Amino acid sequence: MRSVGTLTRADFAETINRKMGLSRSESLQMVEAILDTMVDALEEGENVKISGFGSFVLRDKNERIGRNPKTGVEVPITPRRVLTFRASQLLKERISKS
């Protein structure tokens, strides 16, 4: 029941439903609870590490000067916080074998 090319919340819930025997609504609630916990931690400035999978890391970027590639005009880029994902070594190894 997997969507083509994209793994969705519903796909996660379906897998939990099949493997753990929880109802569909309980499975979806579990997926939502996990995602909400991750988002709450990131909102509070914490990084999220899932052992064997990877880390969601927050980075603060300073203000800098950018350039419009079409016109060449310099434009200030405001400071901001960005979210990056770093795959664990285990995940990298599994992906490279595919």
# chains A, B, ... in the order shown; residues from 1 in each chain; ligands from 1
>>> residues_around(residues="stretch 15-19 of chain A", least_positions_apart="4", cutoff="12 Å", atoms="only C-alpha atoms", output="count of residues only")
16
>>> closest_atom_pairs(of="stretch 19-44 of chain A", to="stretch 80-92 of chain A", cutoff="12 Å", atoms="only C-alpha atoms", output="Markdown table")
| residue | atom | partner | partner_atom | distance |
| --- | --- | --- | --- | --- |
| A:Val39 | CA | A:Leu83 | CA | 11.2 |
| A:Leu42 | CA | A:Leu83 | CA | 8.7 |
| A:Glu43 | CA | A:Arg81 | CA | 10.7 |
>>> write_last_selection(atoms="C-alpha atoms", output="mmCIF file, in the first residue's frame")
data_model
loop_
_atom_site.group_PDB
_atom_site.id
_atom_site.type_symbol
_atom_site.label_atom_id
_atom_site.label_comp_id
_atom_site.auth_asym_id
_atom_site.auth_seq_id
_atom_site.Cartn_x
_atom_site.Cartn_y
_atom_site.Cartn_z
ATOM 1 C CA VAL A 39 9.033 18.848 16.142
ATOM 2 C CA LEU A 42 13.466 21.051 17.282
ATOM 3 C CA GLU A 43 11.313 24.076 18.178
#
>>> select_by_dssp(residues="chain A", states="alpha helix (DSSP H)", output="MDAnalysis selection string")
chainID A and resid 9:20 24:43 89:97
>>> residues_around(residues="A:Val48", least_positions_apart="5", cutoff="10 Å", atoms="only C-alpha atoms", output="list in words")
Thr37, Met38, Val39, Ala41, Leu42, Gly54, Ser55, Phe56, Val57, Leu58 and Phe85 of chain A
>>> select_by_dssp(residues="chain A", states="strand (DSSP E or B)", output="list in words")
Val48, Lys49, Ile50, Gly54, Ser55, Phe56, Val57, Leu58, Arg59, Asp60, Lys61, Arg64, Ile65, Gly66, Arg67, Glu74, Val75, Pro76, Ile77, Arg80, Arg81, Val82, Leu83, Thr84, Phe85, Arg86 and Ala87 of chain A
>>> write_last_selection(atoms="N, CA, C and O atoms", output="JSON list (two decimals), in the first residue's frame")
[["chain", "number", "residue", "atom", "x", "y", "z"],
["A", 48, "VAL", "N", 17.80, 16.27, 17.12],
["A", 48, "VAL", "CA", 17.12, 14.99, 17.28],
["A", 48, "VAL", "C", 17.99, 13.91, 16.67],
["A", 48, "VAL", "O", 18.32, 13.97, 15.48],
["A", 49, "LYS", "N", 18.37, 12.93, 17.48],
["A", 49, "LYS", "CA", 19.21, 11.82, 17.01],
["A", 49, "LYS", "C", 18.43, 10.52, 17.13],
["A", 49, "LYS", "O", 17.92, 10.20, 18.20],
["A", 50, "ILE", "N", 18.36, 9.79, 16.02],
["A", 50, "ILE", "CA", 17.72, 8.48, 16.01],
["A", 50, "ILE", "C", 18.82, 7.47, 15.70],
["A", 50, "ILE", "O", 19.33, 7.42, 14.58],
["A", 54, "GLY", "N", 19.97, 8.49, 11.88],
["A", 54, "GLY", "CA", 20.64, 9.75, 11.61],
["A", 54, "GLY", "C", 20.23, 10.82, 12.60],
["A", 54, "GLY", "O", 19.52, 10.56, 13.57],
["A", 55, "SER", "N", 20.69, 12.05, 12.33],
["A", 55, "SER", "CA", 20.44, 13.18, 13.22],
["A", 55, "SER", "C", 19.86, 14.35, 12.44],
["A", 55, "SER", "O", 20.32, 14.65, 11.34],
["A", 56, "PHE", "N", 18.89, 15.00, 13.05],
["A", 56, "PHE", "CA", 18.36, 16.25, 12.54],
["A", 56, "PHE", "C", 19.06, 17.34, 13.35],
["A", 56, "PHE", "O", 18.91, 17.40, 14.57],
["A", 57, "VAL", "N", 19.85, 18.16, 12.68],
["A", 57, "VAL", "CA", 20.71, 19.12, 13.35],
["A", 57, "VAL", "C", 20.31, 20.54, 12.96],
["A", 57, "VAL", "O", 20.15, 20.85, 11.78],
["A", 58, "LEU", "N", 20.13, 21.39, 13.97],
["A", 58, "LEU", "CA", 19.82, 22.81, 13.74],
["A", 58, "LEU", "C", 21.13, 23.58, 13.63],
["A", 58, "LEU", "O", 22.06, 23.35, 14.41],
["A", 59, "ARG", "N", 21.18, 24.48, 12.67],
["A", 59, "ARG", "CA", 22.35, 25.35, 12.50],
["A", 59, "ARG", "C", 21.89, 26.78, 12.38],
["A", 59, "ARG", "O", 20.91, 27.06, 11.68],
["A", 60, "ASP", "N", 22.59, 27.67, 13.07],
["A", 60, "ASP", "CA", 22.31, 29.11, 12.93],
["A", 60, "ASP", "C", 23.26, 29.67, 11.89],
["A", 60, "ASP", "O", 24.47, 29.49, 11.99],
["A", 61, "LYS", "N", 22.70, 30.30, 10.87],
["A", 61, "LYS", "CA", 23.52, 30.91, 9.83],
["A", 61, "LYS", "C", 23.56, 32.42, 10.04],
["A", 61, "LYS", "O", 22.53, 33.03, 10.31],
["A", 64, "ARG", "N", 24.78, 37.38, 5.70],
["A", 64, "ARG", "CA", 25.84, 37.41, 4.69],
["A", 64, "ARG", "C", 25.34, 38.12, 3.45],
["A", 64, "ARG", "O", 24.15, 38.41, 3.32],
["A", 65, "ILE", "N", 26.25, 38.39, 2.57],
["A", 65, "ILE", "CA", 25.90, 39.05, 1.32],
["A", 65, "ILE", "C", 25.76, 37.98, 0.24],
["A", 65, "ILE", "O", 26.66, 37.16, 0.03],
["A", 66, "GLY", "N", 24.62, 37.99, -0.44],
["A", 66, "GLY", "CA", 24.38, 37.09, -1.56],
["A", 66, "GLY", "C", 24.36, 37.89, -2.84],
["A", 66, "GLY", "O", 24.46, 39.12, -2.83],
["A", 67, "ARG", "N", 24.23, 37.18, -3.93],
["A", 67, "ARG", "CA", 24.23, 37.85, -5.23],
["A", 67, "ARG", "C", 23.10, 37.29, -6.07],
["A", 67, "ARG", "O", 22.94, 36.07, -6.18],
["A", 74, "GLU", "N", 24.21, 42.67, -5.43],
["A", 74, "GLU", "CA", 24.42, 42.13, -4.09],
["A", 74, "GLU", "C", 23.19, 42.38, -3.23],
["A", 74, "GLU", "O", 22.61, 43.47, -3.26],
["A", 75, "VAL", "N", 22.81, 41.35, -2.47],
["A", 75, "VAL", "CA", 21.62, 41.42, -1.62],
["A", 75, "VAL", "C", 21.99, 40.84, -0.26],
["A", 75, "VAL", "O", 22.58, 39.76, -0.19],
["A", 76, "PRO", "N", 21.63, 41.54, 0.84],
["A", 76, "PRO", "CA", 21.91, 40.95, 2.16],
["A", 76, "PRO", "C", 20.96, 39.78, 2.44],
["A", 76, "PRO", "O", 19.77, 39.85, 2.16],
["A", 77, "ILE", "N", 21.51, 38.69, 2.95],
["A", 77, "ILE", "CA", 20.71, 37.53, 3.34],
["A", 77, "ILE", "C", 20.64, 37.56, 4.86],
["A", 77, "ILE", "O", 21.67, 37.56, 5.54],
["A", 80, "ARG", "N", 19.44, 33.25, 9.88],
["A", 80, "ARG", "CA", 18.32, 32.32, 10.02],
["A", 80, "ARG", "C", 18.81, 31.01, 10.61],
["A", 80, "ARG", "O", 19.99, 30.73, 10.65],
["A", 81, "ARG", "N", 17.86, 30.21, 11.02],
["A", 81, "ARG", "CA", 18.15, 28.86, 11.54],
["A", 81, "ARG", "C", 17.71, 27.86, 10.47],
["A", 81, "ARG", "O", 16.61, 27.97, 9.94],
["A", 82, "VAL", "N", 18.57, 26.91, 10.18],
["A", 82, "VAL", "CA", 18.25, 25.89, 9.18],
["A", 82, "VAL", "C", 18.34, 24.51, 9.81],
["A", 82, "VAL", "O", 19.04, 24.29, 10.79],
["A", 83, "LEU", "N", 17.61, 23.58, 9.22],
["A", 83, "LEU", "CA", 17.58, 22.20, 9.68],
["A", 83, "LEU", "C", 18.28, 21.35, 8.64],
["A", 83, "LEU", "O", 17.98, 21.42, 7.45],
["A", 84, "THR", "N", 19.24, 20.55, 9.10],
["A", 84, "THR", "CA", 19.93, 19.63, 8.20],
["A", 84, "THR", "C", 19.77, 18.21, 8.73],
["A", 84, "THR", "O", 19.48, 18.01, 9.92],
["A", 85, "PHE", "N", 19.92, 17.25, 7.84],
["A", 85, "PHE", "CA", 19.87, 15.85, 8.24],
["A", 85, "PHE", "C", 21.21, 15.21, 7.93],
["A", 85, "PHE", "O", 21.75, 15.38, 6.83],
["A", 86, "ARG", "N", 21.76, 14.51, 8.91],
["A", 86, "ARG", "CA", 23.00, 13.76, 8.71],
["A", 86, "ARG", "C", 22.69, 12.29, 8.92],
["A", 86, "ARG", "O", 22.31, 11.86, 10.02],
["A", 87, "ALA", "N", 22.85, 11.52, 7.88],
["A", 87, "ALA", "CA", 22.59, 10.08, 7.96],
["A", 87, "ALA", "C", 23.65, 9.39, 8.80],
["A", 87, "ALA", "O", 24.83, 9.77, 8.75]]
>>> decode(residues="stretch 52-77 of chain A", atoms="N, CA, C and O atoms", output="compact mmCIF listing (two decimals), in the first residue's frame")
# COMPACT_ATOMS: atom_id res chain seq x y z
N GLY A 52 21.17 4.69 14.62
CA GLY A 52 21.12 3.80 13.47
C GLY A 52 20.44 4.39 12.25
O GLY A 52 20.39 3.77 11.20
N PHE A 53 19.90 5.60 12.39
CA PHE A 53 19.22 6.26 11.28
C PHE A 53 19.91 7.56 10.92
O PHE A 53 20.37 7.73 9.80
N GLY A 54 19.97 8.49 11.88
CA GLY A 54 20.64 9.75 11.61
C GLY A 54 20.23 10.82 12.60
O GLY A 54 19.52 10.56 13.57
N SER A 55 20.69 12.05 12.33
CA SER A 55 20.44 13.18 13.22
C SER A 55 19.86 14.35 12.44
O SER A 55 20.32 14.65 11.34
N PHE A 56 18.89 15.00 13.05
CA PHE A 56 18.36 16.25 12.54
C PHE A 56 19.06 17.34 13.35
O PHE A 56 18.91 17.40 14.57
N VAL A 57 19.85 18.16 12.68
CA VAL A 57 20.71 19.12 13.35
C VAL A 57 20.31 20.54 12.96
O VAL A 57 20.15 20.85 11.78
N LEU A 58 20.13 21.39 13.97
CA LEU A 58 19.82 22.81 13.74
C LEU A 58 21.13 23.58 13.63
O LEU A 58 22.06 23.35 14.41
N ARG A 59 21.18 24.48 12.67
CA ARG A 59 22.35 25.35 12.50
C ARG A 59 21.89 26.78 12.38
O ARG A 59 20.91 27.06 11.68
N ASP A 60 22.59 27.67 13.07
CA ASP A 60 22.31 29.11 12.93
C ASP A 60 23.26 29.67 11.89
O ASP A 60 24.47 29.49 11.99
N LYS A 61 22.70 30.30 10.87
CA LYS A 61 23.52 30.91 9.83
C LYS A 61 23.56 32.42 10.04
O LYS A 61 22.53 33.03 10.31
N ASN A 62 24.73 32.99 9.94
CA ASN A 62 24.90 34.43 10.11
C ASN A 62 24.41 35.19 8.88
O ASN A 62 24.24 34.62 7.81
N GLU A 63 24.25 36.49 9.08
CA GLU A 63 23.90 37.34 7.94
C GLU A 63 25.09 37.35 6.98
O GLU A 63 26.25 37.29 7.38
N ARG A 64 24.78 37.38 5.70
CA ARG A 64 25.84 37.41 4.69
C ARG A 64 25.34 38.12 3.45
O ARG A 64 24.15 38.41 3.32
N ILE A 65 26.25 38.39 2.57
CA ILE A 65 25.90 39.05 1.32
C ILE A 65 25.76 37.98 0.24
O ILE A 65 26.66 37.16 0.03
N GLY A 66 24.62 37.99 -0.44
CA GLY A 66 24.38 37.09 -1.56
C GLY A 66 24.36 37.89 -2.84
O GLY A 66 24.46 39.12 -2.83
N ARG A 67 24.23 37.18 -3.93
CA ARG A 67 24.23 37.85 -5.23
C ARG A 67 23.10 37.29 -6.07
O ARG A 67 22.94 36.07 -6.18
N ASN A 68 22.31 38.18 -6.66
CA ASN A 68 21.27 37.76 -7.59
C ASN A 68 21.97 37.20 -8.83
O ASN A 68 22.69 37.93 -9.51
N PRO A 69 21.79 35.93 -9.13
CA PRO A 69 22.53 35.34 -10.25
C PRO A 69 22.17 35.94 -11.61
O PRO A 69 22.99 35.94 -12.53
N LYS A 70 20.98 36.47 -11.73
CA LYS A 70 20.55 37.04 -13.00
C LYS A 70 21.15 38.42 -13.25
O LYS A 70 21.62 38.73 -14.34
N THR A 71 21.12 39.25 -12.19
CA THR A 71 21.55 40.65 -12.36
C THR A 71 22.93 40.94 -11.77
O THR A 71 23.54 41.94 -12.10
N GLY A 72 23.39 40.07 -10.86
CA GLY A 72 24.67 40.30 -10.21
C GLY A 72 24.61 41.29 -9.06
O GLY A 72 25.61 41.60 -8.44
N VAL A 73 23.42 41.78 -8.74
CA VAL A 73 23.25 42.75 -7.67
C VAL A 73 23.43 42.06 -6.32
O VAL A 73 22.87 40.99 -6.07
N GLU A 74 24.21 42.67 -5.43
CA GLU A 74 24.42 42.13 -4.09
C GLU A 74 23.19 42.38 -3.23
O GLU A 74 22.61 43.47 -3.26
N VAL A 75 22.81 41.35 -2.47
CA VAL A 75 21.62 41.42 -1.62
C VAL A 75 21.99 40.84 -0.26
O VAL A 75 22.58 39.76 -0.19
N PRO A 76 21.63 41.54 0.84
CA PRO A 76 21.91 40.95 2.16
C PRO A 76 20.96 39.78 2.44
O PRO A 76 19.77 39.85 2.16
N ILE A 77 21.51 38.69 2.95
CA ILE A 77 20.71 37.53 3.34
C ILE A 77 20.64 37.56 4.86
O ILE A 77 21.67 37.56 5.54
